[in-house]
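Note sheet for the following structure.
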Amino acid sequence: MGERVRLRIAPSPTGDPHVGTAYMALFNRAFAHRHGGQFILRIEDTDQTRYNETSVGEILESLRWLGLLPDEGPGLGGEYGPYVQTQRSALYKEQAEVLIEGGRAYRCFCTKERLDEMRREQTARKEPTHYDRTCLRLSPEEIERNLQEGKPYVVRIRMPDEGTTTFTDLIRGEISFENRVLDDAVLLKSDGLPVYHLAVVVDDHFMEISHVVRAEEWISSTPMHVLLYQAFGWELPKFAHMPLLRNADRSKISKRKQNTSLKWYKEQGFLPEAMINFLALMGWSMPKGEDGSEPPEIFSYEDVEREFTFERVTTSGPVFDIVKLTNINGKYIRMLSDEALYERLQPFLPGGLDEERVRKVVPVIKDRLTRLGEFMELTEFLFGPPPDYDAELLVPKKGTRETAKEALGRARQTLEGMREPWAHEEWENELRGLAEELGMKAGDLFMVLRVAVTGSKVSPPLFEVMEVLGKEETLARVDAALAKLA
Ligand code: GLU
């Protein structure tokens, strides 16, 4: 690539940092860095009504968590700042004037009432609503008079009356729009702030963005942007529209149907590297291996950066499937060493836990953990008394309270006679022998013991649990169970 490569994401800071922002950041950053370029964060906050102050910090925080920090942006520095649109309003105004002078835009003084009336009439005539260009026909004197009187105005783009606007999308190929369907849309509002279309084009130009890579929902805005570039006489960037992330019902991803906040995923204990892997599989895939083997499902950000091309982006909307994400996350957890997992769990542990015990529990639970935030939920009974349970839970399917009592009492004796430190191979043999003696299935005996020790019929492997608890605590729990049965 001969020219400089500069890509950006341009989120609006309207709430919690969104998974869609991470999705776009991933591919924009990977492509930029693959080609030795820069990845930029720009904040599109000209829509003041929706502005949310803390969310800029949170966007950065989430990108940092994911390892997707931009090279330039608010708080990061860079030579193309400021990177927040409300701090650039003078520039948009100035550029709107340039368009007016060149005859590519005009001032519109129409009041809201007049526009409403116009739209009502158009609707009655079954026409699509559009601005009727009343103010395009104002004479220079009329415009001057309106300005003198301080009448509020907006600036509208003057769309061509005919012809087509065509651009090439790196994913979708050539896309054309008929110019006559395009409205003379507002570029600058009466409060002097730009609409998205003006700001995005001006900023992408002055920030020297080479590739505009954004979500599919902006395709219909692109002809307008292309016309603006032409009106300014600026060189076009390349465009690529990534597929939209979708809910399970294939509608556009939304927080009513799906957790969309990156903060939530972090708090639940999804690993950032699993998140990246999952997002990279949304509408993209790694190439096949050199030996023709299937593309890997598990891969890193570095792999994406090395391999990303637009050719392998699909246009069908990928479903953001949390079950799949959870599976991938579990795989990443199992790939961690016990020590690394212990470290990563720290933010998810309540204060005052016995550190030694946590270290012992980590390998016991690793295979079952799908989120770091699940750790306490799955292991609480290893750090405090087991949850209260009904004595009936101790009774084996084909047994009675008496069977349970007898089995548990005998198991207690067996266990008590064993030396410490406990090693579970030894108990297993002894307890299997005992089961035979009692005429019980080994599984039934283990179940009675499991309930006594864990308070539940489902738990991590019983023997490993008993090893973690140690002899004294295990026997104390068996005693408590016996008391329940008495
Ligand atoms: N502010 C737009 C958004 O929130 C940016 C779209 C674009 O990348 O041009 O997605």
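Scheme for the structure tokens: letters A, B, ... for chains in order shown; per-chain residue numbers from 1; ligand numbers from 1 in order shown.
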Find the nearest atom pair between each residue of chain A and ligand 1 for residues within 7 Å, count only C-alpha atoms and all ligand atoms, give distances in Å to one decimal, sort rows by chain and ascending number, and present the table as JSON lines.
```
{"residue": "A:Ile9", "atom": "CA", "partner": "ligand 1", "partner_atom_place_in_ligand_line": "8 (O)", "distance": 5.7}
{"residue": "A:Ala10", "atom": "CA", "partner": "ligand 1", "partner_atom_place_in_ligand_line": "5 (C)", "distance": 4.6}
{"residue": "A:Pro11", "atom": "CA", "partner": "ligand 1", "partner_atom_place_in_ligand_line": "4 (O)", "distance": 4.0}
{"residue": "A:Ser12", "atom": "CA", "partner": "ligand 1", "partner_atom_place_in_ligand_line": "4 (O)", "distance": 4.6}
{"residue": "A:Glu44", "atom": "CA", "partner": "ligand 1", "partner_atom_place_in_ligand_line": "1 (N)", "distance": 5.1}
{"residue": "A:Tyr196", "atom": "CA", "partner": "ligand 1", "partner_atom_place_in_ligand_line": "1 (N)", "distance": 7.0}
{"residue": "A:Val200", "atom": "CA", "partner": "ligand 1", "partner_atom_place_in_ligand_line": "9 (O)", "distance": 6.0}
{"residue": "A:Val212", "atom": "CA", "partner": "ligand 1", "partner_atom_place_in_ligand_line": "8 (O)", "distance": 6.8}
{"residue": "A:Val213", "atom": "CA", "partner": "ligand 1", "partner_atom_place_in_ligand_line": "8 (O)", "distance": 6.7}
{"residue": "A:Arg214", "atom": "CA", "partner": "ligand 1", "partner_atom_place_in_ligand_line": "8 (O)", "distance": 4.7}
{"residue": "A:Trp218", "atom": "CA", "partner": "ligand 1", "partner_atom_place_in_ligand_line": "6 (C)", "distance": 6.6}
```
For Glu58 (chain A), list every protein, DNA or RNA residue within 10 Å, evaluated using only C-alpha atoms, and leave out those in the same chain fewer than 5 positions away; present the list as a list in words. Pro13, Gly15, Asp16, Pro17, Glu53, Leu63, Arg64, Leu262 and Lys263 of chain A
For Gly77 (chain A), which residue out of A:Arg42, A:Pro287, A:Thr379, A:His35 is the nearest one, using only C-alpha atoms?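 So, comparing all the options, the nearest one is A:Arg42.
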From A:Phe177, A:Tyr301, A:Phe109, A:Phe308, residue lying nearest Arg156 (chain A) [only C-alpha atoms]: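 For Arg156 (chain A), the nearest of the candidates is A:Phe109.
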Where does DSSP see strand (DSSP E or B) in region 189-416 of chain A, if you list the residues as a PyMOL selection string? chain A and resi 194+211-215+238-242+246+252+261+319
Using the selection just defined, write its residues with N, CA, C and O atoms as a PDB file, in the first residue's frame.
```
ATOM      1  N   PRO A 194     -22.840  20.803  13.559  1.00  0.00           N
ATOM      2  CA  PRO A 194     -23.012  20.028  12.323  1.00  0.00           C
ATOM      3  C   PRO A 194     -23.877  18.809  12.561  1.00  0.00           C
ATOM      4  O   PRO A 194     -23.988  18.332  13.682  1.00  0.00           O
ATOM      5  N   HIS A 211      -9.155   4.729   5.088  1.00  0.00           N
ATOM      6  CA  HIS A 211     -10.191   3.702   4.942  1.00  0.00           C
ATOM      7  C   HIS A 211     -11.280   3.946   5.976  1.00  0.00           C
ATOM      8  O   HIS A 211     -10.995   3.951   7.170  1.00  0.00           O
ATOM      9  N   VAL A 212     -12.493   4.126   5.495  1.00  0.00           N
ATOM     10  CA  VAL A 212     -13.629   4.271   6.407  1.00  0.00           C
ATOM     11  C   VAL A 212     -14.258   2.882   6.544  1.00  0.00           C
ATOM     12  O   VAL A 212     -14.897   2.381   5.621  1.00  0.00           O
ATOM     13  N   VAL A 213     -14.013   2.268   7.674  1.00  0.00           N
ATOM     14  CA  VAL A 213     -14.527   0.906   7.918  1.00  0.00           C
ATOM     15  C   VAL A 213     -15.534   1.006   9.045  1.00  0.00           C
ATOM     16  O   VAL A 213     -15.182   1.344  10.174  1.00  0.00           O
ATOM     17  N   ARG A 214     -16.787   0.785   8.731  1.00  0.00           N
ATOM     18  CA  ARG A 214     -17.836   0.982   9.724  1.00  0.00           C
ATOM     19  C   ARG A 214     -18.958  -0.013   9.480  1.00  0.00           C
ATOM     20  O   ARG A 214     -18.903  -0.809   8.551  1.00  0.00           O
ATOM     21  N   ALA A 215     -19.986   0.078  10.317  1.00  0.00           N
ATOM     22  CA  ALA A 215     -21.065  -0.906  10.225  1.00  0.00           C
ATOM     23  C   ALA A 215     -21.944  -0.634   9.009  1.00  0.00           C
ATOM     24  O   ALA A 215     -22.085   0.490   8.531  1.00  0.00           O
ATOM     25  N   LYS A 238     -11.245   5.017   1.026  1.00  0.00           N
ATOM     26  CA  LYS A 238     -11.866   3.748   0.641  1.00  0.00           C
ATOM     27  C   LYS A 238     -12.934   3.426   1.683  1.00  0.00           C
ATOM     28  O   LYS A 238     -12.792   3.780   2.846  1.00  0.00           O
ATOM     29  N   PHE A 239     -13.980   2.765   1.236  1.00  0.00           N
ATOM     30  CA  PHE A 239     -15.076   2.429   2.162  1.00  0.00           C
ATOM     31  C   PHE A 239     -15.220   0.920   2.311  1.00  0.00           C
ATOM     32  O   PHE A 239     -15.049   0.174   1.342  1.00  0.00           O
ATOM     33  N   ALA A 240     -15.538   0.495   3.525  1.00  0.00           N
ATOM     34  CA  ALA A 240     -15.890  -0.919   3.759  1.00  0.00           C
ATOM     35  C   ALA A 240     -16.947  -0.951   4.842  1.00  0.00           C
ATOM     36  O   ALA A 240     -16.783  -0.325   5.888  1.00  0.00           O
ATOM     37  N   HIS A 241     -18.032  -1.646   4.570  1.00  0.00           N
ATOM     38  CA  HIS A 241     -19.119  -1.730   5.555  1.00  0.00           C
ATOM     39  C   HIS A 241     -19.231  -3.149   6.094  1.00  0.00           C
ATOM     40  O   HIS A 241     -19.583  -4.079   5.365  1.00  0.00           O
ATOM     41  N   MET A 242     -18.893  -3.264   7.364  1.00  0.00           N
ATOM     42  CA  MET A 242     -18.896  -4.569   8.036  1.00  0.00           C
ATOM     43  C   MET A 242     -20.336  -4.996   8.332  1.00  0.00           C
ATOM     44  O   MET A 242     -21.196  -4.142   8.538  1.00  0.00           O
ATOM     45  N   ARG A 246     -26.027  -9.132  15.211  1.00  0.00           N
ATOM     46  CA  ARG A 246     -27.468  -9.335  15.357  1.00  0.00           C
ATOM     47  C   ARG A 246     -27.846 -10.100  16.622  1.00  0.00           C
ATOM     48  O   ARG A 246     -27.063 -10.886  17.133  1.00  0.00           O
ATOM     49  N   LYS A 252     -31.135  -6.152  14.518  1.00  0.00           N
ATOM     50  CA  LYS A 252     -29.901  -5.455  14.884  1.00  0.00           C
ATOM     51  C   LYS A 252     -29.655  -5.588  16.395  1.00  0.00           C
ATOM     52  O   LYS A 252     -30.584  -5.424  17.189  1.00  0.00           O
ATOM     53  N   SER A 261     -23.188  -4.127  26.743  1.00  0.00           N
ATOM     54  CA  SER A 261     -22.175  -3.303  27.402  1.00  0.00           C
ATOM     55  C   SER A 261     -20.885  -4.081  27.630  1.00  0.00           C
ATOM     56  O   SER A 261     -20.891  -5.143  28.255  1.00  0.00           O
ATOM     57  N   VAL A 319     -24.738 -13.602  14.160  1.00  0.00           N
ATOM     58  CA  VAL A 319     -25.507 -13.542  15.404  1.00  0.00           C
ATOM     59  C   VAL A 319     -24.552 -13.530  16.597  1.00  0.00           C
ATOM     60  O   VAL A 319     -23.652 -14.361  16.693  1.00  0.00           O
TER      61      VAL A 319
END
```
